[in-house]
>>> print(open('coords_9.cif').read())   # mmCIF, C-alpha atoms
data_start
loop_
_atom_site.label_atom_id
_atom_site.label_comp_id
_atom_site.auth_asym_id
_atom_site.auth_seq_id
_atom_site.Cartn_x
_atom_site.Cartn_y
_atom_site.Cartn_z
CA MET E 1253 19.63 -31.39 34.08
CA ALA E 1254 19.53 -28.94 31.24
CA ALA E 1255 15.86 -28.47 31.85
CA SER E 1256 16.39 -27.63 35.50
CA GLY E 1257 19.17 -25.21 34.53
CA SER E 1258 16.93 -23.37 32.09
CA TRP E 1259 14.15 -23.34 34.70
CA LYS E 1260 16.53 -21.72 37.17
CA SER E 1261 17.57 -19.05 34.70
CA GLY E 1262 13.91 -18.35 33.92
CA SER E 1263 13.13 -18.05 37.60
CA GLY E 1264 16.11 -15.74 38.01
CA SER E 1265 14.87 -13.42 35.28
CA SER E 1266 11.40 -13.31 36.85
CA MET E 1267 13.04 -12.50 40.20
CA GLY E 1268 14.80 -9.62 38.42
CA LEU E 1269 11.46 -8.42 37.08
CA GLU E 1270 9.88 -8.72 40.55
CA ARG E 1271 12.42 -6.25 41.93
CA MET E 1272 11.68 -3.62 39.26
CA SER E 1273 9.48 -0.59 39.78
CA VAL E 1274 6.19 -0.13 37.88
CA GLU E 1275 7.82 2.37 35.48
CA GLN E 1276 10.71 0.01 34.76
CA LEU E 1277 8.31 -2.88 34.17
CA LYS E 1278 6.27 -0.77 31.77
CA ALA E 1279 9.46 0.13 29.87
CA VAL E 1280 10.56 -3.54 29.75
CA LYS E 1281 7.14 -4.67 28.52
CA GLU E 1282 6.98 -1.95 25.84
CA GLN E 1283 10.50 -2.79 24.65
CA ALA E 1284 9.73 -6.53 24.55
CA ASP E 1285 6.44 -5.95 22.68
CA LEU E 1286 8.23 -3.74 20.16
CA GLU E 1287 10.90 -6.39 19.57
CA VAL E 1288 8.24 -9.11 19.20
CA ASN E 1289 6.42 -7.00 16.57
CA LEU E 1290 9.67 -6.42 14.65
CA LEU E 1291 10.46 -10.13 14.74
CA GLN E 1292 6.93 -10.97 13.53
CA ASP E 1293 7.43 -8.59 10.58
CA SER E 1294 10.77 -10.24 9.78
CA LEU E 1295 9.16 -13.68 9.94
CA SER E 1296 6.39 -12.70 7.53
CA ASN E 1297 9.01 -11.20 5.14
CA ILE E 1298 11.04 -14.42 5.26
CA ARG E 1299 7.88 -16.46 4.62
CA THR E 1300 7.06 -14.31 1.57
CA ALA E 1301 10.62 -14.57 0.23
CA THR E 1302 10.62 -18.36 0.68
CA THR E 1303 7.33 -18.67 -1.22
CA ARG E 1304 8.74 -16.53 -4.05
CA LEU E 1305 11.85 -18.70 -4.31
CA GLU E 1306 9.80 -21.90 -4.27
CA ILE E 1307 7.71 -20.52 -7.17
CA ALA E 1308 10.94 -19.61 -9.01
CA SER E 1309 12.33 -23.10 -8.45
CA SER E 1310 9.19 -24.77 -9.82
CA ALA E 1311 9.21 -22.35 -12.81
CA LEU E 1312 12.81 -23.37 -13.58
CA ASN E 1313 11.82 -27.01 -13.34
CA ASP E 1314 8.95 -26.41 -15.77
CA LEU E 1315 11.18 -24.46 -18.17
CA SER E 1316 13.87 -27.16 -18.23
CA LEU E 1317 11.30 -29.66 -19.55
CA ARG E 1318 10.52 -27.50 -22.60
CA PRO E 1319 12.62 -28.07 -25.73
CA GLN E 1320 14.44 -25.22 -27.46
CA GLY E 1321 12.31 -23.63 -30.19
CA ASN E 1322 9.11 -24.35 -28.28
CA HIS E 1323 6.36 -21.78 -29.01
CA ILE E 1324 5.46 -19.58 -26.06
CA LEU E 1325 3.72 -16.28 -25.27
CA VAL E 1326 6.36 -13.88 -23.97
CA PRO E 1327 5.36 -11.14 -21.49
CA LEU E 1328 6.98 -7.93 -22.75
CA THR E 1329 5.10 -5.86 -20.15
CA ALA E 1330 2.68 -6.82 -17.38
CA SER E 1331 -0.25 -6.76 -19.82
CA LEU E 1332 1.28 -7.31 -23.28
CA TYR E 1333 2.28 -10.73 -24.62
CA VAL E 1334 3.72 -11.70 -28.01
CA PRO E 1335 4.12 -15.12 -29.66
CA ALA E 1336 7.78 -16.21 -29.68
CA THR E 1337 10.02 -19.26 -29.53
CA LEU E 1338 12.27 -20.32 -26.67
CA HIS E 1339 15.78 -19.25 -27.65
CA ASP E 1340 17.83 -21.07 -25.01
CA SER E 1341 16.22 -23.59 -22.69
CA GLN E 1342 19.49 -24.52 -20.97
CA HIS E 1343 20.48 -21.15 -19.53
CA VAL E 1344 18.73 -18.58 -17.35
CA LEU E 1345 19.59 -15.16 -15.95
CA VAL E 1346 19.37 -14.96 -12.17
CA ASP E 1347 18.86 -11.63 -10.41
CA VAL E 1348 21.21 -11.74 -7.42
CA GLY E 1349 20.33 -8.22 -6.22
CA THR E 1350 21.81 -4.70 -6.48
CA GLY E 1351 21.36 -4.77 -10.25
CA TYR E 1352 23.54 -7.83 -10.89
CA PHE E 1353 22.39 -10.68 -13.14
CA ILE E 1354 24.28 -13.96 -13.48
CA GLU E 1355 23.81 -16.39 -16.34
CA LYS E 1356 23.49 -19.92 -14.99
CA THR E 1357 22.64 -23.32 -16.37
CA MET E 1358 19.31 -24.85 -15.31
CA PRO E 1359 20.81 -27.13 -12.62
CA GLU E 1360 22.87 -24.21 -11.25
CA GLY E 1361 19.77 -22.02 -11.16
CA LYS E 1362 17.80 -24.69 -9.29
CA ASP E 1363 20.71 -25.20 -6.90
CA TYR E 1364 20.86 -21.43 -6.25
CA CYS E 1365 17.13 -21.33 -5.43
CA ASP E 1366 17.36 -24.38 -3.17
CA ARG E 1367 20.33 -22.95 -1.26
CA LYS E 1368 18.49 -19.66 -0.74
CA ILE E 1369 15.38 -21.53 0.45
CA ASN E 1370 17.42 -23.57 2.94
CA LEU E 1371 19.16 -20.44 4.23
CA LEU E 1372 15.84 -18.65 4.71
CA LYS E 1373 14.31 -21.66 6.45
CA SER E 1374 17.20 -21.89 8.93
CA ASN E 1375 16.91 -18.13 9.60
CA PHE E 1376 13.16 -18.55 10.05
CA ASP E 1377 13.63 -21.30 12.66
CA GLN E 1378 16.15 -19.19 14.60
CA LEU E 1379 13.86 -16.16 14.54
CA VAL E 1380 10.86 -18.21 15.73
CA GLU E 1381 12.92 -19.30 18.74
CA VAL E 1382 14.01 -15.74 19.57
CA ALA E 1383 10.46 -14.41 19.07
CA SER E 1384 8.95 -16.99 21.44
CA LYS E 1385 11.54 -16.11 24.13
CA LYS E 1386 10.81 -12.40 23.74
CA LYS E 1387 7.07 -13.08 23.90
CA ASN E 1388 7.53 -15.01 27.15
CA VAL E 1389 9.48 -12.07 28.63
CA ALA E 1390 6.74 -9.63 27.55
CA ASP E 1391 3.99 -11.85 29.00
CA GLU E 1392 5.89 -12.32 32.26
CA ALA E 1393 6.49 -8.57 32.57
CA GLY E 1394 2.79 -7.97 31.87
CA VAL E 1395 1.67 -10.41 34.59
CA ILE E 1396 4.04 -8.92 37.19
CA LEU E 1397 3.01 -5.38 36.18
CA GLN E 1398 -0.69 -6.22 36.63
CA ALA E 1399 0.03 -7.75 40.04
CA LYS E 1400 2.00 -4.67 41.15
CA LEU E 1401 -0.72 -2.30 39.92
CA LYS E 1402 -3.37 -4.30 41.83
CA GLN E 1403 -1.15 -4.19 44.91
CA LEU E 1404 -0.77 -0.41 44.60
CA ALA E 1405 -4.52 0.04 44.10
CA SER E 1406 -5.38 -2.05 47.17
CA SER E 1407 -2.78 -0.31 49.37
CA SER E 1408 -4.07 3.15 48.39
CA MET Y 1286 -27.93 42.46 7.24
CA ALA Y 1287 -25.30 40.03 6.08
CA SER Y 1288 -26.59 36.76 4.75
CA SER Y 1289 -25.93 33.84 7.07
CA SER Y 1290 -23.94 31.87 4.55
CA SER Y 1291 -22.80 32.50 1.04
CA GLU Y 1292 -22.95 29.35 -1.07
CA SER Y 1293 -19.67 28.22 -2.60
CA ALA Y 1294 -19.32 28.97 -6.30
CA VAL Y 1295 -20.11 25.29 -6.93
CA SER Y 1296 -22.84 23.78 -4.73
CA GLU Y 1297 -21.93 20.22 -5.74
CA ARG Y 1298 -19.32 18.45 -7.85
CA ARG Y 1299 -19.70 14.82 -8.96
CA GLY Y 1300 -21.74 13.93 -5.86
CA ILE Y 1301 -19.49 15.84 -3.44
CA PRO Y 1302 -21.64 18.44 -1.65
CA GLY Y 1303 -20.23 21.96 -1.45
CA ALA Y 1304 -19.55 23.44 1.99
CA GLN Y 1305 -21.20 26.69 3.09
CA PHE Y 1306 -19.02 29.54 4.28
CA VAL Y 1307 -20.71 30.99 7.34
CA GLU Y 1308 -20.44 34.77 7.52
CA ASP Y 1309 -22.79 35.33 10.45
CA VAL Y 1310 -22.91 32.45 12.93
CA GLN Y 1311 -25.98 33.74 14.79
CA THR Y 1312 -28.09 33.92 11.61
CA TYR Y 1313 -26.72 30.57 10.41
CA LEU Y 1314 -27.79 28.85 13.65
CA THR Y 1315 -31.21 30.53 13.58
CA GLN Y 1316 -31.84 29.58 9.95
CA SER Y 1317 -30.67 25.99 10.36
CA GLY Y 1318 -32.60 25.66 13.64
CA LEU Y 1319 -29.65 24.07 15.43
CA ASP Y 1320 -27.94 24.77 18.71
CA VAL Y 1321 -24.14 25.12 18.85
CA GLY Y 1322 -23.54 21.49 19.89
CA SER Y 1323 -25.69 20.09 17.07
CA ALA Y 1324 -24.16 22.46 14.51
CA LEU Y 1325 -20.62 21.43 15.52
CA ALA Y 1326 -21.59 17.73 15.45
CA PHE Y 1327 -23.09 18.16 11.96
CA LEU Y 1328 -19.98 19.97 10.69
CA GLN Y 1329 -17.63 17.38 12.21
CA GLU Y 1330 -19.64 14.60 10.56
CA ARG Y 1331 -19.47 16.41 7.22
CA LEU Y 1332 -15.70 16.79 7.68
CA GLN Y 1333 -15.36 13.05 8.31
CA GLN Y 1334 -17.37 12.33 5.14
CA TYR Y 1335 -15.04 14.58 3.16
CA LYS Y 1336 -12.03 12.72 4.58
CA VAL Y 1337 -13.49 9.33 3.57
CA VAL Y 1338 -14.16 10.58 0.01
CA GLU Y 1339 -10.63 12.03 -0.13
CA MET Y 1340 -9.15 8.64 0.81
CA LYS Y 1341 -11.13 6.96 -1.99
CA LEU Y 1342 -10.09 9.56 -4.55
CA LEU Y 1343 -6.43 9.31 -3.52
CA ALA Y 1344 -6.58 5.52 -3.97
CA GLN Y 1345 -8.06 6.00 -7.47
CA GLN Y 1346 -5.35 8.55 -8.25
CA ARG Y 1347 -2.61 6.12 -7.19
CA ASP Y 1348 -4.11 3.40 -9.41
CA LEU Y 1349 -4.26 5.72 -12.42
CA GLN Y 1350 -0.73 7.02 -11.85
CA ALA Y 1351 0.51 3.42 -11.87
CA LYS Y 1352 -1.60 2.51 -14.92
CA ILE Y 1353 -0.50 5.36 -17.23
CA PRO Y 1354 3.24 4.42 -17.38
CA ASP Y 1355 2.27 0.78 -18.01
CA ILE Y 1356 0.07 1.76 -20.99
CA GLU Y 1357 2.84 4.02 -22.33
CA LYS Y 1358 5.31 1.13 -22.07
CA CYS Y 1359 2.90 -1.12 -23.98
CA LEU Y 1360 2.58 1.51 -26.72
CA ASP Y 1361 6.38 1.74 -26.99
CA VAL Y 1362 6.66 -2.05 -27.34
CA VAL Y 1363 3.98 -2.16 -30.05
CA ALA Y 1364 5.72 0.70 -31.87
CA THR Y 1365 9.02 -1.24 -31.74
CA LEU Y 1366 7.34 -4.37 -33.11
CA LYS Y 1367 5.79 -2.28 -35.92
CA ALA Y 1368 9.18 -0.78 -36.76
CA LYS Y 1369 10.81 -4.24 -36.93
CA LYS Y 1370 7.99 -5.54 -39.14
CA GLY Y 1371 9.09 -6.17 -42.72
CA THR Y 1372 12.82 -5.86 -41.94
CA GLY Y 1373 13.20 -9.63 -41.52
CA GLU Y 1374 15.15 -8.89 -38.36
CA GLU Y 1375 14.34 -11.07 -35.36
CA LEU Y 1376 14.13 -9.71 -31.84
CA ILE Y 1377 15.83 -11.43 -28.89
CA ALA Y 1378 14.11 -10.64 -25.59
CA ASP Y 1379 14.90 -11.58 -22.00
CA PHE Y 1380 11.59 -12.16 -20.26
CA GLU Y 1381 10.76 -12.78 -16.62
CA VAL Y 1382 9.89 -16.42 -16.00
CA SER Y 1383 9.43 -15.87 -12.30
CA GLU Y 1384 10.51 -13.17 -9.86
CA GLY Y 1385 14.28 -12.81 -10.28
CA ILE Y 1386 14.57 -15.50 -13.00
CA TYR Y 1387 14.83 -14.51 -16.67
CA SER Y 1388 14.97 -16.57 -19.85
CA ARG Y 1389 15.62 -15.70 -23.48
CA ALA Y 1390 13.11 -15.83 -26.33
CA ARG Y 1391 13.27 -15.15 -30.06
CA ILE Y 1392 10.46 -12.96 -31.39
CA GLU Y 1393 10.06 -13.52 -35.09
CA GLU Y 1394 8.11 -11.16 -37.31
CA THR Y 1395 4.67 -10.90 -35.77
CA ASN Y 1396 1.47 -9.23 -36.92
CA SER Y 1397 -0.39 -9.56 -33.64
CA VAL Y 1398 -0.01 -9.11 -29.89
CA CYS Y 1399 -2.05 -10.39 -26.96
CA LEU Y 1400 -3.39 -7.87 -24.46
CA TRP Y 1401 -4.35 -8.90 -20.95
CA LEU Y 1402 -7.65 -7.16 -20.24
CA GLY Y 1403 -8.13 -8.48 -16.70
CA ALA Y 1404 -10.78 -10.80 -15.25
CA ASN Y 1405 -8.84 -13.76 -16.75
CA VAL Y 1406 -9.39 -12.42 -20.29
CA MET Y 1407 -6.65 -12.05 -22.89
CA LEU Y 1408 -7.39 -11.01 -26.47
CA GLU Y 1409 -5.26 -11.11 -29.60
CA TYR Y 1410 -5.10 -7.86 -31.58
CA SER Y 1411 -3.33 -6.83 -34.76
CA LEU Y 1412 -0.57 -4.25 -34.18
CA GLU Y 1413 -2.77 -1.43 -35.54
CA GLU Y 1414 -5.77 -2.42 -33.40
CA ALA Y 1415 -3.55 -2.75 -30.32
CA THR Y 1416 -2.09 0.73 -30.91
CA GLY Y 1417 -5.60 2.18 -31.29
CA LEU Y 1418 -6.92 0.49 -28.17
CA LEU Y 1419 -3.90 1.38 -26.04
CA GLN Y 1420 -3.96 5.00 -27.24
CA LYS Y 1421 -7.66 5.24 -26.39
CA ASN Y 1422 -7.01 3.73 -22.94
CA LEU Y 1423 -4.15 6.17 -22.38
CA ASP Y 1424 -6.30 9.18 -23.34
CA ASN Y 1425 -9.11 7.97 -21.06
CA ALA Y 1426 -6.72 7.40 -18.16
CA ARG Y 1427 -5.18 10.87 -18.56
CA ALA Y 1428 -8.62 12.50 -18.77
CA SER Y 1429 -9.78 10.58 -15.67
CA LEU Y 1430 -6.65 11.68 -13.81
CA GLU Y 1431 -7.29 15.33 -14.68
CA VAL Y 1432 -10.90 15.09 -13.45
CA LEU Y 1433 -9.71 13.32 -10.31
CA ILE Y 1434 -7.12 16.01 -9.56
CA ALA Y 1435 -9.81 18.70 -9.99
CA ASP Y 1436 -12.13 16.73 -7.67
CA LEU Y 1437 -9.40 16.49 -5.05
CA GLN Y 1438 -8.74 20.23 -5.30
CA PHE Y 1439 -12.47 20.95 -4.89
CA LEU Y 1440 -12.64 18.54 -1.96
CA ARG Y 1441 -9.67 20.16 -0.21
CA ASP Y 1442 -11.35 23.56 -0.58
CA GLN Y 1443 -14.52 22.17 1.02
CA VAL Y 1444 -12.48 20.65 3.88
CA THR Y 1445 -10.81 24.03 4.49
CA ILE Y 1446 -14.17 25.87 4.44
CA THR Y 1447 -15.69 23.32 6.85
CA GLN Y 1448 -12.72 23.56 9.23
CA VAL Y 1449 -12.95 27.36 9.21
CA THR Y 1450 -16.71 27.16 9.85
CA ILE Y 1451 -16.16 24.80 12.81
CA ALA Y 1452 -13.61 27.23 14.26
CA ARG Y 1453 -15.95 30.21 13.77
CA VAL Y 1454 -18.94 28.46 15.39
CA TYR Y 1455 -16.80 27.29 18.31
CA ASN Y 1456 -15.25 30.75 18.83
CA TRP Y 1457 -18.67 32.40 18.60
CA ASP Y 1458 -19.95 30.02 21.30
CA VAL Y 1459 -16.96 30.83 23.56
CA HIS Y 1460 -17.57 34.55 23.02
CA GLN Y 1461 -21.29 34.18 23.85
CA ARG Y 1462 -20.49 32.31 27.07
CA ARG Y 1463 -18.06 35.04 28.11
CA VAL Y 1464 -20.65 37.73 27.40
CA GLN Y 1465 -23.25 35.83 29.46
CA GLN Y 1466 -20.72 35.37 32.26
CA ALA Y 1467 -19.90 39.09 32.23
CA VAL Y 1468 -23.62 39.98 32.32
CA ALA Y 1469 -24.18 37.58 35.23
CA THR Y 1470 -21.22 39.06 37.14
CA THR Y 1471 -22.50 42.60 36.55
CA ALA Y 1472 -25.99 41.61 37.73
CA GLN Y 1473 -24.55 40.13 40.93
CA ASP Y 1474 -22.57 43.31 41.63
#
>>> encode(input="coords_9.cif", output="structure tokens")
Amino acid sequence: MAASGSWKSGSGSSMGLERMSVEQLKAVKEQADLEVNLLQDSLSNIRTATTRLEIASSALNDLSLRPQGNHILVPLTASLYVPATLHDSQHVLVDVGTGYFIEKTMPEGKDYCDRKINLLKSNFDQLVEVASKKKNVADEAGVILQAKLKQLASSS
Amino acid sequence: MASSSSESAVSERRGIPGAQFVEDVQTYLTQSGLDVGSALAFLQERLQQYKVVEMKLLAQQRDLQAKIPDIEKCLDVVATLKAKKGTGEELIADFEVSEGIYSRARIEETNSVCLWLGANVMLEYSLEEATGLLQKNLDNARASLEVLIADLQFLRDQVTITQVTIARVYNWDVHQRRVQQAVATTAQD
């Protein structure tokens, strides 16, 4: 039943597109393509952010296994490292944005990363759905536009 | 009679050919043995080559401008470590474990630092050696940047000269066509 309902709404939208002029169809297609591109950019940004958080989570996991006083090479700049010892293996500083840093315990830090990852994944799924709908609209508008242009060419 | 083209003060700079400023288009075309279309095509191609070289130089400039502050920061850190040396004072540093995650480390008195040289190579240097190497790298980077800026300036001058030459050749061609048209009209009358 739901399927037939969605099919009807789809058919209704295509009927709406059928009634449009060539200029209107062009505008609809351009708008839909623009929105699809924006959504694709957002999706790639979310993917990148998720990867970063997963790396952070695994780094926290690795750090929690190291005992305090463990010898490490500390990066003081991107290309300069000095030998040092781990001062506190139970606490980390988490950058939560806009210049704020929160000191958390290891489990809290991991929990923070996991929550962020889950949030991003749910956003990603929602965006994928919206993007596919927009793409369908753009494709449909393109097909109807081509048909109308052919019709105009043959009539002239 | 005016010479067809006066060479730029520098005919070439680090592989970038100098552009000719055309004073008399007619003589320039005669000497080069080209018609207007070929001359314009040649100049347009030269202009494109200049643009490609400019893009490369700008990319190099961006790299150097990012590199210099990093080297300066490294020098500051080494200077701080040198200053702390012998005081018996330990240094507590927050370092980045991963993006957005920081941990705390205790830096005891150290006589050496490790410098990442790239290509998966990291070498350990004494503080004095590290200072020397970083200072040398900084001087080289600054010198390279100066040369690069001069190259870009030279290149922009050549682009301007080439664009002016294209305009002059094109305008000369338009003028010639008009003259020919006027002559043809007069002959018909």
>>> interface_residues(input="coords_9.cif", of="chain E", to="chain Y", cutoff="10 Å", atoms="all atoms listed in the file", output="PDB file with C-alpha atoms, keeping the file's coordinate frame")
ATOM      1  CA  ARG E1304       8.740 -16.530  -4.050  1.00  0.00           C
ATOM      2  CA  LEU E1305      11.850 -18.700  -4.310  1.00  0.00           C
ATOM      3  CA  ILE E1307       7.710 -20.520  -7.170  1.00  0.00           C
ATOM      4  CA  ALA E1308      10.940 -19.610  -9.010  1.00  0.00           C
ATOM      5  CA  SER E1309      12.330 -23.100  -8.450  1.00  0.00           C
ATOM      6  CA  SER E1310       9.190 -24.770  -9.820  1.00  0.00           C
ATOM      7  CA  ALA E1311       9.210 -22.350 -12.810  1.00  0.00           C
ATOM      8  CA  LEU E1312      12.810 -23.370 -13.580  1.00  0.00           C
ATOM      9  CA  LEU E1315      11.180 -24.460 -18.170  1.00  0.00           C
ATOM     10  CA  GLN E1320      14.440 -25.220 -27.460  1.00  0.00           C
ATOM     11  CA  GLY E1321      12.310 -23.630 -30.190  1.00  0.00           C
ATOM     12  CA  ASN E1322       9.110 -24.350 -28.280  1.00  0.00           C
ATOM     13  CA  HIS E1323       6.360 -21.780 -29.010  1.00  0.00           C
ATOM     14  CA  ILE E1324       5.460 -19.580 -26.060  1.00  0.00           C
ATOM     15  CA  LEU E1325       3.720 -16.280 -25.270  1.00  0.00           C
ATOM     16  CA  VAL E1326       6.360 -13.880 -23.970  1.00  0.00           C
ATOM     17  CA  PRO E1327       5.360 -11.140 -21.490  1.00  0.00           C
ATOM     18  CA  LEU E1328       6.980  -7.930 -22.750  1.00  0.00           C
ATOM     19  CA  THR E1329       5.100  -5.860 -20.150  1.00  0.00           C
ATOM     20  CA  ALA E1330       2.680  -6.820 -17.380  1.00  0.00           C
ATOM     21  CA  SER E1331      -0.250  -6.760 -19.820  1.00  0.00           C
ATOM     22  CA  LEU E1332       1.280  -7.310 -23.280  1.00  0.00           C
ATOM     23  CA  TYR E1333       2.280 -10.730 -24.620  1.00  0.00           C
ATOM     24  CA  VAL E1334       3.720 -11.700 -28.010  1.00  0.00           C
ATOM     25  CA  PRO E1335       4.120 -15.120 -29.660  1.00  0.00           C
ATOM     26  CA  ALA E1336       7.780 -16.210 -29.680  1.00  0.00           C
ATOM     27  CA  THR E1337      10.020 -19.260 -29.530  1.00  0.00           C
ATOM     28  CA  LEU E1338      12.270 -20.320 -26.670  1.00  0.00           C
ATOM     29  CA  HIS E1339      15.780 -19.250 -27.650  1.00  0.00           C
ATOM     30  CA  ASP E1340      17.830 -21.070 -25.010  1.00  0.00           C
ATOM     31  CA  SER E1341      16.220 -23.590 -22.690  1.00  0.00           C
ATOM     32  CA  GLN E1342      19.490 -24.520 -20.970  1.00  0.00           C
ATOM     33  CA  HIS E1343      20.480 -21.150 -19.530  1.00  0.00           C
ATOM     34  CA  VAL E1344      18.730 -18.580 -17.350  1.00  0.00           C
ATOM     35  CA  LEU E1345      19.590 -15.160 -15.950  1.00  0.00           C
ATOM     36  CA  VAL E1346      19.370 -14.960 -12.170  1.00  0.00           C
ATOM     37  CA  ASP E1347      18.860 -11.630 -10.410  1.00  0.00           C
ATOM     38  CA  VAL E1348      21.210 -11.740  -7.420  1.00  0.00           C
ATOM     39  CA  GLY E1349      20.330  -8.220  -6.220  1.00  0.00           C
ATOM     40  CA  PHE E1353      22.390 -10.680 -13.140  1.00  0.00           C
ATOM     41  CA  ILE E1354      24.280 -13.960 -13.480  1.00  0.00           C
ATOM     42  CA  GLU E1355      23.810 -16.390 -16.340  1.00  0.00           C
ATOM     43  CA  GLY E1361      19.770 -22.020 -11.160  1.00  0.00           C
ATOM     44  CA  CYS E1365      17.130 -21.330  -5.430  1.00  0.00           C
TER      45      CYS E1365
END
>>> closest_residue(input="coords_9.cif", among="E:Glu1392, E:Asp1314, E:Asp1293, E:Glu1306", to="Phe1376 (chain E)", atoms="all atoms listed in the file")
E:Asp1293
>>> residues_around(input="coords_9.cif", residues="Val1444 (chain Y)", least_positions_apart="3", cutoff="7 Å", atoms="all atoms listed in the file", output="list in words")
Leu1332, Tyr1335, Leu1440, Arg1441, Thr1447 and Gln1448 of chain Y
>>> write_last_selection(input="coords_9.cif", atoms="C-alpha atoms", output="compact mmCIF listing (two decimals), keeping the file's coordinate frame")
# COMPACT_ATOMS: atom_id res chain seq x y z
CA LEU Y 1332 -15.70 16.79 7.68
CA TYR Y 1335 -15.04 14.58 3.16
CA LEU Y 1440 -12.64 18.54 -1.96
CA ARG Y 1441 -9.67 20.16 -0.21
CA THR Y 1447 -15.69 23.32 6.85
CA GLN Y 1448 -12.72 23.56 9.23
>>> atom_distance(input="coords_9.cif", atom1="CA of Ala1351 (chain Y)", atom2="CA of Leu1412 (chain Y)")
23.6 Å
>>> atom_distance(input="coords_9.cif", atom1="CA of Asn1388 (chain E)", atom2="CA of Ser1296 (chain E)")
19.8 Å
>>> closest_residue(input="coords_9.cif", among="E:Lys1402, E:Arg1299, E:Ala1393, E:Ser1407", to="Glu1275 (chain E)", atoms="only C-alpha atoms")
E:Ala1393
>>> atom_distance(input="coords_9.cif", atom1="CA of Arg1453 (chain Y)", atom2="CA of Phe1439 (chain Y)")
21.1 Å
>>> resolve_selection(input="coords_9.cif", expression="the PyMOL selection byres ((chain Y and resi 1424-1436) around 7)", output="number ranges by chain")
Y: 1342, 1346, 1349, 1353, 1420-1423, 1437-1440
>>> resolve_selection(input="coords_9.cif", expression="the PyMOL selection byres ((chain E and resi 1298) around 12)", output="list in words")
Leu1291, Gln1292, Asp1293, Ser1294, Leu1295, Ser1296, Asn1297, Arg1299, Thr1300, Ala1301, Thr1302, Thr1303, Arg1304, Leu1305, Lys1368, Ile1369, Asn1370, Leu1371, Leu1372, Lys1373, Ser1374, Asn1375, Phe1376, Asp1377, Gln1378, Leu1379 and Val1380 of chain E
>>> axis_aligned_box(input="coords_9.cif", around="region 1330-1333 of chain Y", padding_each_side="6 Å", output="JSON")
{"center_x": -17.5, "center_y": 14.9, "center_z": 8.9, "size_x": 16.3, "size_y": 15.7, "size_z": 15.3}
>>> resolve_selection(input="coords_9.cif", expression="the PyMOL selection byres ((chain Y and resi 1455) around 12)", output="number ranges by chain")
Y: 1310-1311, 1320-1326, 1328-1329, 1448-1454, 1456-1462
>>> residues_around(input="coords_9.cif", residues="Lys1400 (chain E)", least_positions_apart="2", cutoff="12 Å", atoms="only C-alpha atoms", output="PyMOL selection string")
chain E and resi 1269-1278+1393-1398+1402-1407
>>> decode(input="coords_9.cif", residues="region 1367-1378 of chain Y", atoms="N, CA and C atoms", output="PDB file, in the first residue's frame")
ATOM      1  N   LYS Y1367      67.088  24.552  24.731  1.00  0.00           N
ATOM      2  CA  LYS Y1367      68.462  24.955  25.088  1.00  0.00           C
ATOM      3  C   LYS Y1367      68.455  25.775  26.377  1.00  0.00           C
ATOM      4  N   ALA Y1368      67.480  26.693  26.458  1.00  0.00           N
ATOM      5  CA  ALA Y1368      67.387  27.576  27.627  1.00  0.00           C
ATOM      6  C   ALA Y1368      67.090  26.778  28.898  1.00  0.00           C
ATOM      7  N   LYS Y1369      66.267  25.733  28.766  1.00  0.00           N
ATOM      8  CA  LYS Y1369      65.884  24.910  29.930  1.00  0.00           C
ATOM      9  C   LYS Y1369      67.016  23.967  30.352  1.00  0.00           C
ATOM     10  N   LYS Y1370      67.954  23.744  29.412  1.00  0.00           N
ATOM     11  CA  LYS Y1370      69.044  22.789  29.659  1.00  0.00           C
ATOM     12  C   LYS Y1370      69.914  23.273  30.828  1.00  0.00           C
ATOM     13  N   GLY Y1371      70.175  22.377  31.745  1.00  0.00           N
ATOM     14  CA  GLY Y1371      71.056  22.719  32.867  1.00  0.00           C
ATOM     15  C   GLY Y1371      70.335  23.344  34.043  1.00  0.00           C
ATOM     16  N   THR Y1372      69.042  23.678  33.875  1.00  0.00           N
ATOM     17  CA  THR Y1372      68.291  24.287  34.987  1.00  0.00           C
ATOM     18  C   THR Y1372      67.682  23.207  35.878  1.00  0.00           C
ATOM     19  N   GLY Y1373      67.619  21.982  35.354  1.00  0.00           N
ATOM     20  CA  GLY Y1373      67.019  20.877  36.116  1.00  0.00           C
ATOM     21  C   GLY Y1373      65.502  20.956  36.127  1.00  0.00           C
ATOM     22  N   GLU Y1374      64.980  21.927  35.401  1.00  0.00           N
ATOM     23  CA  GLU Y1374      63.527  22.134  35.341  1.00  0.00           C
ATOM     24  C   GLU Y1374      62.953  21.233  34.248  1.00  0.00           C
ATOM     25  N   GLU Y1375      61.854  20.538  34.570  1.00  0.00           N
ATOM     26  CA  GLU Y1375      61.247  19.701  33.524  1.00  0.00           C
ATOM     27  C   GLU Y1375      60.111  20.466  32.839  1.00  0.00           C
ATOM     28  N   LEU Y1376      59.867  20.066  31.607  1.00  0.00           N
ATOM     29  CA  LEU Y1376      58.890  20.771  30.776  1.00  0.00           C
ATOM     30  C   LEU Y1376      57.666  19.879  30.602  1.00  0.00           C
ATOM     31  N   ILE Y1377      56.481  20.418  30.895  1.00  0.00           N
ATOM     32  CA  ILE Y1377      55.249  19.649  30.669  1.00  0.00           C
ATOM     33  C   ILE Y1377      54.627  20.165  29.371  1.00  0.00           C
ATOM     34  N   ALA Y1378      54.389  19.257  28.441  1.00  0.00           N
ATOM     35  CA  ALA Y1378      53.844  19.666  27.136  1.00  0.00           C
ATOM     36  C   ALA Y1378      52.586  18.883  26.802  1.00  0.00           C
TER      37      ALA Y1378
END
